[in-house]
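Everything below belongs to model_8.pdb, which stores PDB, C-alpha atoms, pLDDT in the B column.
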MODEL        1
ATOM      1  CA  MET A   1      -8.191  60.293  11.797  1.00 69.00           C
ATOM      2  CA  SER A   2      -7.164  56.965  10.394  1.00 96.00           C
ATOM      3  CA  ARG A   3      -3.585  55.814  10.882  1.00 97.00           C
ATOM      4  CA  ILE A   4      -1.350  52.935   9.926  1.00 97.00           C
ATOM      5  CA  ASN A   5       1.662  52.012  12.042  1.00 97.00           C
ATOM      6  CA  ALA A   6       5.099  51.089  10.734  1.00 96.00           C
ATOM      7  CA  ARG A   7       4.713  47.358  11.472  1.00 96.00           C
ATOM      8  CA  GLU A   8       1.423  47.076   9.555  1.00 96.00           C
ATOM      9  CA  MET A   9       2.885  49.109   6.693  1.00 96.00           C
ATOM     10  CA  PHE A  10       6.027  46.953   6.591  1.00 95.00           C
ATOM     11  CA  ASP A  11       3.923  43.786   6.471  1.00 95.00           C
ATOM     12  CA  ARG A  12       1.723  45.158   3.702  1.00 94.00           C
ATOM     13  CA  LEU A  13       4.756  46.175   1.655  1.00 93.00           C
ATOM     14  CA  GLN A  14       6.148  42.632   2.041  1.00 93.00           C
ATOM     15  CA  GLN A  15       2.818  41.211   0.830  1.00 93.00           C
ATOM     16  CA  HIS A  16       2.700  43.688  -2.079  1.00 89.00           C
ATOM     17  CA  SER A  17      -0.751  44.806  -0.935  1.00 85.00           C
ATOM     18  CA  ASP A  18      -2.725  47.001  -3.276  1.00 84.00           C
ATOM     19  CA  MET A  19      -2.567  50.511  -1.872  1.00 87.00           C
ATOM     20  CA  GLN A  20      -1.978  54.030  -3.100  1.00 95.00           C
ATOM     21  CA  LEU A  21       1.076  55.741  -1.598  1.00 97.00           C
ATOM     22  CA  LEU A  22       1.480  59.504  -1.500  1.00 98.00           C
ATOM     23  CA  ASP A  23       4.863  60.726  -0.242  1.00 98.00           C
ATOM     24  CA  VAL A  24       4.670  64.404   0.762  1.00 98.00           C
ATOM     25  CA  ARG A  25       8.361  64.938   1.511  1.00 98.00           C
ATOM     26  CA  GLU A  26      10.465  67.255  -0.593  1.00 98.00           C
ATOM     27  CA  ALA A  27      11.875  65.759  -3.814  1.00 97.00           C
ATOM     28  CA  ILE A  28      15.428  65.466  -2.451  1.00 97.00           C
ATOM     29  CA  GLU A  29      14.155  63.461   0.540  1.00 97.00           C
ATOM     30  CA  TYR A  30      12.072  61.228  -1.723  1.00 98.00           C
ATOM     31  CA  HIS A  31      14.977  60.540  -4.082  1.00 97.00           C
ATOM     32  CA  THR A  32      17.313  59.773  -1.185  1.00 96.00           C
ATOM     33  CA  TYR A  33      15.033  56.984   0.103  1.00 94.00           C
ATOM     34  CA  ASN A  34      11.458  56.005  -0.718  1.00 95.00           C
ATOM     35  CA  ILE A  35       9.099  53.041  -0.673  1.00 94.00           C
ATOM     36  CA  GLY A  36       7.373  53.896  -3.927  1.00 93.00           C
ATOM     37  CA  GLY A  37       4.217  55.779  -4.640  1.00 94.00           C
ATOM     38  CA  ILE A  38       3.996  59.273  -5.989  1.00 96.00           C
ATOM     39  CA  ASN A  39       5.864  62.250  -4.609  1.00 98.00           C
ATOM     40  CA  ILE A  40       4.013  65.529  -4.215  1.00 98.00           C
ATOM     41  CA  PRO A  41       5.621  67.739  -1.562  1.00 98.00           C
ATOM     42  CA  LEU A  42       3.206  69.083   1.042  1.00 98.00           C
ATOM     43  CA  SER A  43       4.153  72.632   0.042  1.00 97.00           C
ATOM     44  CA  VAL A  44       2.514  72.156  -3.379  1.00 98.00           C
ATOM     45  CA  LEU A  45      -0.149  69.558  -2.546  1.00 98.00           C
ATOM     46  CA  PRO A  46      -3.040  72.044  -2.273  1.00 97.00           C
ATOM     47  CA  ALA A  47      -2.362  73.208  -5.844  1.00 96.00           C
ATOM     48  CA  PHE A  48      -2.239  69.645  -7.192  1.00 95.00           C
ATOM     49  CA  VAL A  49      -4.918  67.886  -5.149  1.00 95.00           C
ATOM     50  CA  SER A  50      -7.488  68.276  -7.927  1.00 90.00           C
ATOM     51  CA  GLU A  51      -5.106  66.536 -10.359  1.00 91.00           C
ATOM     52  CA  LEU A  52      -4.538  63.403  -8.268  1.00 93.00           C
ATOM     53  CA  ASP A  53      -5.284  60.205 -10.154  1.00 91.00           C
ATOM     54  CA  PHE A  54      -6.877  58.445  -7.166  1.00 93.00           C
ATOM     55  CA  ASN A  55     -10.494  57.455  -6.720  1.00 94.00           C
ATOM     56  CA  LYS A  56     -12.101  59.298  -3.816  1.00 95.00           C
ATOM     57  CA  THR A  57     -12.697  55.954  -2.060  1.00 94.00           C
ATOM     58  CA  ASP A  58      -9.235  54.406  -2.650  1.00 92.00           C
ATOM     59  CA  GLU A  59      -7.116  53.634   0.365  1.00 95.00           C
ATOM     60  CA  ILE A  60      -4.409  56.277   0.237  1.00 97.00           C
ATOM     61  CA  ILE A  61      -1.491  56.064   2.649  1.00 98.00           C
ATOM     62  CA  VAL A  62       0.250  59.376   3.164  1.00 98.00           C
ATOM     63  CA  ILE A  63       3.949  59.280   4.050  1.00 98.00           C
ATOM     64  CA  CYS A  64       6.570  61.753   5.253  1.00 98.00           C
ATOM     65  CA  LYS A  65       9.692  61.610   7.434  1.00 98.00           C
ATOM     66  CA  VAL A  66       8.069  61.356  10.882  1.00 97.00           C
ATOM     67  CA  GLY A  67       4.317  61.630  10.302  1.00 96.00           C
ATOM     68  CA  LEU A  68       3.665  65.347  10.790  1.00 97.00           C
ATOM     69  CA  ARG A  69       3.556  66.595   7.203  1.00 98.00           C
ATOM     70  CA  SER A  70       1.588  63.517   6.210  1.00 98.00           C
ATOM     71  CA  LYS A  71      -0.988  64.255   8.910  1.00 97.00           C
ATOM     72  CA  THR A  72      -1.486  67.708   7.386  1.00 98.00           C
ATOM     73  CA  ALA A  73      -1.702  66.158   3.902  1.00 98.00           C
ATOM     74  CA  GLN A  74      -4.275  63.689   5.206  1.00 98.00           C
ATOM     75  CA  SER A  75      -6.455  66.611   6.300  1.00 97.00           C
ATOM     76  CA  ILE A  76      -6.067  68.334   2.926  1.00 98.00           C
ATOM     77  CA  LEU A  77      -7.126  65.177   1.081  1.00 98.00           C
ATOM     78  CA  GLN A  78     -10.088  64.601   3.378  1.00 97.00           C
ATOM     79  CA  GLN A  79     -11.233  68.203   2.912  1.00 97.00           C
ATOM     80  CA  ASN A  80     -11.195  67.486  -0.820  1.00 97.00           C
ATOM     81  CA  GLY A  81     -13.470  64.463  -0.572  1.00 97.00           C
ATOM     82  CA  TYR A  82     -11.022  61.568  -0.170  1.00 97.00           C
ATOM     83  CA  SER A  83     -12.679  59.264   2.336  1.00 96.00           C
ATOM     84  CA  ASN A  84     -10.088  56.536   3.006  1.00 96.00           C
ATOM     85  CA  VAL A  85      -6.830  58.363   3.798  1.00 97.00           C
ATOM     86  CA  ARG A  86      -4.406  56.901   6.337  1.00 97.00           C
ATOM     87  CA  ASN A  87      -1.342  58.523   7.876  1.00 98.00           C
ATOM     88  CA  LEU A  88       1.834  56.476   8.407  1.00 98.00           C
ATOM     89  CA  THR A  89       2.560  57.203  12.072  1.00 97.00           C
ATOM     90  CA  GLY A  90       6.248  57.711  12.707  1.00 97.00           C
ATOM     91  CA  GLY A  91       6.774  58.080   8.968  1.00 97.00           C
ATOM     92  CA  ILE A  92       9.680  56.691   6.977  1.00 97.00           C
ATOM     93  CA  MET A  93      11.889  56.894  10.081  1.00 97.00           C
ATOM     94  CA  ALA A  94       9.718  54.367  11.956  1.00 97.00           C
ATOM     95  CA  LEU A  95       9.588  52.118   8.912  1.00 94.00           C
ATOM     96  CA  GLN A  96      13.367  52.141   8.475  1.00 93.00           C
ATOM     97  CA  LYS A  97      13.851  51.043  12.102  1.00 94.00           C
ATOM     98  CA  LEU A  98      12.071  47.768  11.258  1.00 90.00           C
ATOM     99  CA  LYS A  99      14.514  46.784   8.522  1.00 72.00           C
TER     100      LYS A  99
ENDMDL
END

As structure tokens, please, write out the structure in this file.
Amino acid sequence: MSRINAREMFDRLQQHSDMQLLDVREAIEYHTYNIGGINIPLSVLPAFVSELDFNKTDEIIVICKVGLRSKTAQSILQQNGYSNVRNLTGGIMALQKLK
């Protein structure tokens, strides 16, 4: 499975790289701190995956607190035909340590 580490993600955010972000934390977590993108909690992702406004070939970076929920979300997206899904290893926690 494809991954992106916190350093690469931090650098890409600084460069304002074109990427799709999907944050699968619960809404309260997302509203407490986020780096943008759309928020669809993992618990409801399977019901909404068909409504995502991403192209199947877009680079989609899936984010959660430490990288576990996002890994599951990555699998769900790939099972639904998304071919370029990357998991942020270490999640938001790893990214925050770089700031």

Kindly give the distance, in Å, that separates atom CA of Gly81 of chain A and atom CA of Cys64 of chain A, rounded to a single decimal. 21.0 Å

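For Ile4 of chain A, the list of residues within 10 Å, based on only C-alpha atoms and with local chain neighbours fewer than 4 positions off taken out, reads Glu8, Met9, Ile61, Val62, Val85, Arg86, Asn87, Leu88, Thr89, Gly90 and Gly91 of chain A.
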
Saved selection, atoms kept: C-alpha atoms, as a JSON list (two decimals), in the frame of the given file:
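What follows is the written file selection23.json:
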[["chain", "number", "residue", "atom", "x", "y", "z"],
["A", 8, "GLU", "CA", 1.42, 47.08, 9.56],
["A", 9, "MET", "CA", 2.88, 49.11, 6.69],
["A", 61, "ILE", "CA", -1.49, 56.06, 2.65],
["A", 62, "VAL", "CA", 0.25, 59.38, 3.16],
["A", 85, "VAL", "CA", -6.83, 58.36, 3.80],
["A", 86, "ARG", "CA", -4.41, 56.90, 6.34],
["A", 87, "ASN", "CA", -1.34, 58.52, 7.88],
["A", 88, "LEU", "CA", 1.83, 56.48, 8.41],
["A", 89, "THR", "CA", 2.56, 57.20, 12.07],
["A", 90, "GLY", "CA", 6.25, 57.71, 12.71],
["A", 91, "GLY", "CA", 6.77, 58.08, 8.97]]

For segment 15-24 of chain A: contacts at 9 Å, all atoms listed in the file, fewer than 4 positions along chain excluded, given as JSON, numbers by chain: {"A": [10, 11, 30, 34, 35, 36, 37, 38, 39, 40, 41, 42, 43, 45, 54, 58, 59, 60, 61, 62, 63, 64, 65, 69, 70, 73]}

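Taking atom CA of Val49 of chain A as the reference point, atom CA of Thr32 of chain A is found at 24.0 Å.
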
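Closest approach to Ile92 of chain A from the set A:Ile28, A:Ser2, A:Gly67, A:Ala47 is made by A:Gly67, with distances taken over all atoms listed in the file.
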
One decimal, Å: what's the distance from atom CA of His31 of chain A over to atom CA of Val66 of chain A, could you say? 16.5 Å
